[in-house]
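Asks: The structure that follows is given in the form of structure tokens.
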Amino acid sequence: MRKFFPVEELARDSRFNQVTMKDRMADPRSALVKDEPRQKSNRLVPSRPDASAAARGLMHGIFVGEIQALEGAGRTCHDFRTAGDSARRAQDDAHGEDSFADAVPFALKLDMARQAWDEARHVEISVKLSDWMGSEIGEFAENTVLFQAACSTDPILRLAGVNRALEGLAIDVFTTMKEFGDLAGDPYLEFCEDWMLADEVTHVKMGSDWLRRVTEHDPDRRKKALEFQSVVDKLFSYGGTRSDSQESPIGLARRFRELAGFTDDEVEDIAEVSLAALEERKASVARMQATAREFAAS
Amino acid sequence: MTVTVTPQTFQFVHFDAALIQRVAESLTAALGLDRPVAIEVDETTPLARISVEIGDTVTIRAESGAFEDTRRPRHQSEDATAAALGRVLLRSRDRLLGGFGEAPADDDLSLAQVAAWETYCVGRLERIGLPVNRQRWKYNFRNRHGFSDVADLAFDRLWTSDGLTWGELDEISRAAAGS
């Protein structure tokens, strides 16, 4: 079976349309809040006039994110060899593959298998919730950035990118959606998000624990993994979609991140990176809009 | 009746002014609206708000997200264009035909009143053949009126109604929200 599957070849049927982060950032339009009398904040709350439409869009984003998280965890079970697996080693040698040989403890793979099981359940829950909210599968574009973070050839970088950055984002998103369901009085949304949130906290905790254990005697590798996580965290801030600012639809779930093993300093770093992403996006949109206006006037 | 669209060419999105015009002409004919319609698209934002001002001309101001294909960002969806324009054109027709004289100005409508009126409009659009997702609008209505059997019955009543007055519509909304 093939290892290190590229994002371009993820299996999807014709209902799905995939977009990249580059496509998304090339959009010169801005949803950032203007001086509007009815909308003081972009935060996803039921009092927003477009609340149900925005919630449906975010729910679909969760759905495709769960598919990609399932694919990522499944790949990690398969892509890396455990110590002492001589049959697999012979197979890899025959194919000339020797990257990060014997680098993954078997228990780490077991955790990834458990995570894949969780993610499959989340996909099913997300499909049912989307149906409940009146969305169809594939109704919104699928951003493939989540799986891209799961393509690293170093299992520890992959854990940092997927379990700490991606699943960390999931904690923020599920917290926002859970609060939305609670405030709106939607019994299914609040309940389902709460259960999925509990799993996500566990997934982040697994990533934090394995990162610490595997790199215990390899500070350089740990440093590299944390740097990779920081890059992914910035990407996952989606140009300001997630930050402490009220301009962002999704807030930073500090308490649940703490439960998942993030230190206070790490949470502060993510907060800073997210705000920087928001400011960069605003500046980028301003530049693109000025260029477009100049072009229209010429 | 004449329909005009501005801008005629788009810089930020891949929209077609002629398609917007054609959809609006078809809708005004189907709904029997007897005034010129001017459609102004704000392509600088992906939000989907749409507002209408009724004078000698019905002026519609739409943010680009209202006409967008959510599967293909920055591209236009004919179905979304028809659904967005249909809702505001029906609301305009309600105000022009009478029975809605007591309705507050659009900016003064509560979120529950907006959801109730949208339900009433989209139900009628479905009956003239526009493709709409009923569950989507039910979810929108529930978010404003509560997740209850009473709210669902109110939704069904609004969805299947024709010829309501503002007083009747508002009463259905109030009763559902207070249940």
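FYI, nothing fancy with the structure tokens labels: chains A, B, ... in order, residues from 1 per chain, ligands from 1 as they appear.
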Per DSSP on the backbone, filter region 5-147 of chain A down to the residues in helix (DSSP H, G or I) and report them as a ChimeraX atom specification.

Replies: /A:7-9,21-25,51-79,86-94,106-133,145-147

Asks: Would you mind listing, as a ChimeraX atom specification, all residues of chain B that have at least one atom within 10 Å of chain A, where only C-alpha atoms are what counts?

Replies: /B:9-13,42-49,64-65,69-74,107,110-112,114-115,133-148

Asks: Return the single residue from A:Val214, A:Ala83, A:Leu252, A:Ala290 that is closest to Thr176 (chain A), with distances computed using only C-alpha atoms.

Replies: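 Closest to Thr176 (chain A), using only C-alpha atoms: A:Leu252.
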
Asks: Just how far from CA of Trp210 (chain A) is CA of Ser86 (chain A), in Å to one decimal?

Replies: 23.2 Å

Asks: Could you list, as a ChimeraX atom specification, every residue within 10 Å of Phe262 (chain A), counting only C-alpha atoms and ignoring same-chain residues fewer than 6 positions away?

Replies: /A:164,168,204-205,208,254-256,268

Asks: So, counting only C-alpha atoms, which residue among B:Pro36, B:Gly123, B:Gly178, B:Gly86 is closest to Gly55 (chain B)?

Replies: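 Of the candidates, the smallest distance to Gly55 (chain B) is held by B:Pro36.
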
Asks: So which residues touch Asp79 (chain B) within 12 Å, counting only C-alpha atoms, skipping near sequence neighbours fewer than 3 positions away, as a ChimeraX atom specification?

Replies: /B:19-20,23-24,66-70,76,82-86,125-126,129-133

Asks: From the list A:Lys128, A:Arg75, A:Lys234, A:His95, which residue is nearest Glu280 (chain A) when using only C-alpha atoms?

Replies: A:Lys234

Asks: Within 12 Å of Leu90 (chain B), counting only C-alpha atoms, which residues show up once you throw out same-chain ones fewer than 6 positions away? Write them as a ChimeraX atom specification, please.

Replies: /B:24,27-33,52,54,58,82-84,96-97,100,117-125,128,162-163

Asks: Using only C-alpha atoms, which of the listed residues (A:Val201, A:Val7, A:Ala107, A:Ala55) sits closest to Ser152 (chain A)?

Replies: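 That would be A:Val7, the residue with the smallest distance to Ser152 (chain A).
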
Asks: When you draw a straight line from CA of Phe147 (chain A) to CA of His14 (chain B), how long is it in Å?

Replies: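 Value for the CA of Phe147 (chain A)-CA of His14 (chain B) distance: 27.9 Å.
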
Asks: If DSSP is run on the backbone, what residues of region 48-239 of chain A are strand (DSSP E or B)? A reply as number ranges by chain would be ideal.

Replies: A: 82, 104, 142-143

Asks: Go ahead and save the residues from that selection, with all heavy atoms, as a short mmCIF file (atom, residue, chain, number, x, y, z; two decimals), in the first residue's frame.

Replies:
data_model
loop_
_atom_site.label_atom_id
_atom_site.label_comp_id
_atom_site.auth_asym_id
_atom_site.auth_seq_id
_atom_site.Cartn_x
_atom_site.Cartn_y
_atom_site.Cartn_z
N THR A 82 7.15 0.69 13.00
CA THR A 82 7.48 0.60 14.44
C THR A 82 8.77 -0.20 14.62
O THR A 82 9.15 -0.99 13.76
CB THR A 82 6.36 -0.11 15.22
OG1 THR A 82 6.06 -1.33 14.57
CG2 THR A 82 5.13 0.74 15.29
N VAL A 104 8.60 5.20 15.24
CA VAL A 104 7.30 5.35 15.88
C VAL A 104 7.02 4.21 16.86
O VAL A 104 6.98 3.06 16.47
CB VAL A 104 6.20 5.37 14.79
CG1 VAL A 104 4.83 5.55 15.42
CG2 VAL A 104 6.46 6.48 13.80
N GLU A 142 -14.35 22.78 -0.03
CA GLU A 142 -13.52 22.09 0.96
C GLU A 142 -12.09 22.63 0.91
O GLU A 142 -11.41 22.49 -0.09
CB GLU A 142 -13.50 20.58 0.68
CG GLU A 142 -12.58 19.83 1.65
CD GLU A 142 -12.43 18.35 1.32
OE1 GLU A 142 -12.94 17.92 0.26
OE2 GLU A 142 -11.80 17.64 2.12
N ASN A 143 -11.66 23.26 2.00
CA ASN A 143 -10.28 23.73 2.09
C ASN A 143 -9.40 22.56 2.52
O ASN A 143 -9.64 21.95 3.56
CB ASN A 143 -10.20 24.87 3.11
CG ASN A 143 -8.87 25.59 3.08
OD1 ASN A 143 -7.85 24.99 2.77
ND2 ASN A 143 -8.89 26.87 3.38
#

Asks: To one decimal place in Å, what is the distance between CA of Ser284 (chain A) and CA of Pro6 (chain A)?

Replies: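 CA of Pro6 (chain A) lies 28.9 Å from CA of Ser284 (chain A).
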
Asks: Hey, what's within 10 Å of Leu275 (chain A) if we count only C-alpha atoms and toss same-chain stuff fewer than 4 positions away? As an mmCIF file with all heavy atoms, in the first residue's frame, please?

Replies:
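File around03.cif, as written:
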data_model
loop_
_atom_site.group_PDB
_atom_site.id
_atom_site.type_symbol
_atom_site.label_atom_id
_atom_site.label_comp_id
_atom_site.auth_asym_id
_atom_site.auth_seq_id
_atom_site.Cartn_x
_atom_site.Cartn_y
_atom_site.Cartn_z
ATOM 1 N N LYS A 234 -0.459 29.338 12.460
ATOM 2 C CA LYS A 234 -0.718 30.592 11.748
ATOM 3 C C LYS A 234 -1.606 30.322 10.530
ATOM 4 O O LYS A 234 -2.545 31.063 10.262
ATOM 5 C CB LYS A 234 0.604 31.233 11.323
ATOM 6 C CG LYS A 234 0.409 32.649 10.790
ATOM 7 C CD LYS A 234 1.719 33.375 10.693
ATOM 8 C CE LYS A 234 1.510 34.801 10.229
ATOM 9 N NZ LYS A 234 2.761 35.505 10.075
ATOM 10 N N SER A 237 -5.101 29.829 11.475
ATOM 11 C CA SER A 237 -5.826 31.023 11.917
ATOM 12 C C SER A 237 -6.605 31.603 10.744
ATOM 13 O O SER A 237 -7.400 32.529 10.906
ATOM 14 C CB SER A 237 -4.858 32.057 12.478
ATOM 15 O OG SER A 237 -4.267 31.560 13.650
ATOM 16 N N GLY A 239 -6.136 33.545 8.289
ATOM 17 C CA GLY A 239 -6.171 34.984 8.046
ATOM 18 C C GLY A 239 -7.090 35.711 9.005
ATOM 19 O O GLY A 239 -7.718 36.700 8.646
ATOM 20 N N GLY A 240 -7.179 35.222 10.232
ATOM 21 C CA GLY A 240 -7.958 35.943 11.243
ATOM 22 C C GLY A 240 -9.303 35.325 11.561
ATOM 23 O O GLY A 240 -10.072 35.877 12.336
ATOM 24 N N THR A 241 -9.616 34.164 10.970
ATOM 25 C CA THR A 241 -10.901 33.530 11.285
ATOM 26 C C THR A 241 -10.938 33.092 12.749
ATOM 27 O O THR A 241 -11.974 33.104 13.380
ATOM 28 C CB THR A 241 -11.131 32.310 10.365
ATOM 29 O OG1 THR A 241 -11.136 32.775 9.017
ATOM 30 C CG2 THR A 241 -12.455 31.628 10.654
ATOM 31 N N ARG A 242 -9.771 32.730 13.293
ATOM 32 C CA ARG A 242 -9.705 32.310 14.697
ATOM 33 C C ARG A 242 -8.694 33.196 15.437
ATOM 34 O O ARG A 242 -7.517 33.221 15.076
ATOM 35 C CB ARG A 242 -9.267 30.849 14.755
ATOM 36 C CG ARG A 242 -9.111 30.216 16.137
ATOM 37 C CD ARG A 242 -7.793 30.438 16.850
ATOM 38 N NE ARG A 242 -6.602 30.166 16.082
ATOM 39 C CZ ARG A 242 -6.018 28.966 15.992
ATOM 40 N NH1 ARG A 242 -6.537 27.945 16.598
ATOM 41 N NH2 ARG A 242 -4.918 28.819 15.276
ATOM 42 N N SER A 243 -9.193 33.935 16.418
ATOM 43 C CA SER A 243 -8.283 34.701 17.282
ATOM 44 C C SER A 243 -9.069 35.222 18.486
ATOM 45 O O SER A 243 -10.290 35.045 18.565
ATOM 46 C CB SER A 243 -7.647 35.876 16.524
ATOM 47 O OG SER A 243 -8.493 36.999 16.519
ATOM 48 N N ASP A 244 -8.388 35.896 19.396
ATOM 49 C CA ASP A 244 -9.071 36.497 20.548
ATOM 50 C C ASP A 244 -9.885 37.717 20.155
ATOM 51 O O ASP A 244 -10.753 38.171 20.907
ATOM 52 C CB ASP A 244 -8.015 36.928 21.591
ATOM 53 C CG ASP A 244 -7.621 35.772 22.515
ATOM 54 O OD1 ASP A 244 -8.417 34.827 22.639
ATOM 55 O OD2 ASP A 244 -6.531 35.832 23.091
ATOM 56 N N SER A 245 -9.607 38.283 18.969
ATOM 57 C CA SER A 245 -10.293 39.507 18.553
ATOM 58 C C SER A 245 -11.758 39.238 18.223
ATOM 59 O O SER A 245 -12.100 38.185 17.685
ATOM 60 C CB SER A 245 -9.592 40.080 17.313
ATOM 61 O OG SER A 245 -10.411 41.053 16.702
ATOM 62 N N GLU A 247 -13.199 40.542 15.933
ATOM 63 C CA GLU A 247 -13.293 40.540 14.471
ATOM 64 C C GLU A 247 -13.260 39.117 13.914
ATOM 65 O O GLU A 247 -13.566 38.900 12.758
ATOM 66 C CB GLU A 247 -12.144 41.349 13.864
ATOM 67 C CG GLU A 247 -12.281 42.853 14.082
ATOM 68 C CD GLU A 247 -11.118 43.602 13.465
ATOM 69 O OE1 GLU A 247 -10.023 43.570 14.055
ATOM 70 O OE2 GLU A 247 -11.308 44.203 12.397
ATOM 71 N N SER A 248 -12.855 38.158 14.731
ATOM 72 C CA SER A 248 -12.760 36.770 14.282
ATOM 73 C C SER A 248 -14.011 35.992 14.679
ATOM 74 O O SER A 248 -14.461 36.083 15.822
ATOM 75 C CB SER A 248 -11.541 36.098 14.919
ATOM 76 O OG SER A 248 -10.369 36.772 14.550
ATOM 77 N N ASP A 269 1.365 32.346 22.771
ATOM 78 C CA ASP A 269 2.010 32.356 21.446
ATOM 79 C C ASP A 269 0.971 32.194 20.336
ATOM 80 O O ASP A 269 1.009 32.887 19.324
ATOM 81 C CB ASP A 269 3.045 31.217 21.338
ATOM 82 C CG ASP A 269 4.317 31.527 22.121
ATOM 83 O OD1 ASP A 269 4.485 32.708 22.512
ATOM 84 O OD2 ASP A 269 5.119 30.597 22.354
ATOM 85 N N ILE A 270 0.038 31.255 20.532
ATOM 86 C CA ILE A 270 -1.000 31.028 19.517
ATOM 87 C C ILE A 270 -1.877 32.275 19.382
ATOM 88 O O ILE A 270 -2.252 32.668 18.277
ATOM 89 C CB ILE A 270 -1.852 29.788 19.876
ATOM 90 C CG1 ILE A 270 -0.981 28.531 19.798
ATOM 91 C CG2 ILE A 270 -3.047 29.651 18.941
ATOM 92 C CD1 ILE A 270 -1.591 27.308 20.445
ATOM 93 N N ALA A 271 -2.173 32.897 20.510
ATOM 94 C CA ALA A 271 -2.985 34.126 20.474
ATOM 95 C C ALA A 271 -2.270 35.201 19.652
ATOM 96 O O ALA A 271 -2.885 35.884 18.824
ATOM 97 C CB ALA A 271 -3.242 34.621 21.898
ATOM 98 N N GLU A 279 -4.158 40.621 11.270
ATOM 99 C CA GLU A 279 -3.657 41.912 10.794
ATOM 100 C C GLU A 279 -3.065 41.786 9.386
ATOM 101 O O GLU A 279 -3.255 42.665 8.534
ATOM 102 C CB GLU A 279 -2.603 42.471 11.770
ATOM 103 C CG GLU A 279 -3.161 42.849 13.135
ATOM 104 C CD GLU A 279 -4.356 43.816 13.061
ATOM 105 O OE1 GLU A 279 -4.342 44.722 12.201
ATOM 106 O OE2 GLU A 279 -5.303 43.627 13.841
ATOM 107 N N GLU A 280 -2.340 40.682 9.144
ATOM 108 C CA GLU A 280 -1.766 40.465 7.804
ATOM 109 C C GLU A 280 -2.862 40.345 6.760
ATOM 110 O O GLU A 280 -2.754 40.870 5.656
ATOM 111 C CB GLU A 280 -0.919 39.185 7.793
ATOM 112 C CG GLU A 280 0.464 39.394 8.371
ATOM 113 C CD GLU A 280 1.238 38.080 8.465
ATOM 114 O OE1 GLU A 280 0.960 37.157 7.676
ATOM 115 O OE2 GLU A 280 2.105 37.983 9.351
ATOM 116 N N ARG A 281 -3.930 39.628 7.126
ATOM 117 C CA ARG A 281 -5.044 39.449 6.186
ATOM 118 C C ARG A 281 -5.697 40.799 5.883
ATOM 119 O O ARG A 281 -6.018 41.104 4.729
ATOM 120 C CB ARG A 281 -6.062 38.477 6.776
ATOM 121 C CG ARG A 281 -7.331 38.297 5.949
ATOM 122 C CD ARG A 281 -7.063 37.613 4.630
ATOM 123 N NE ARG A 281 -8.286 37.472 3.837
ATOM 124 C CZ ARG A 281 -8.306 37.427 2.521
ATOM 125 N NH1 ARG A 281 -7.212 37.517 1.823
ATOM 126 N NH2 ARG A 281 -9.445 37.279 1.884
#
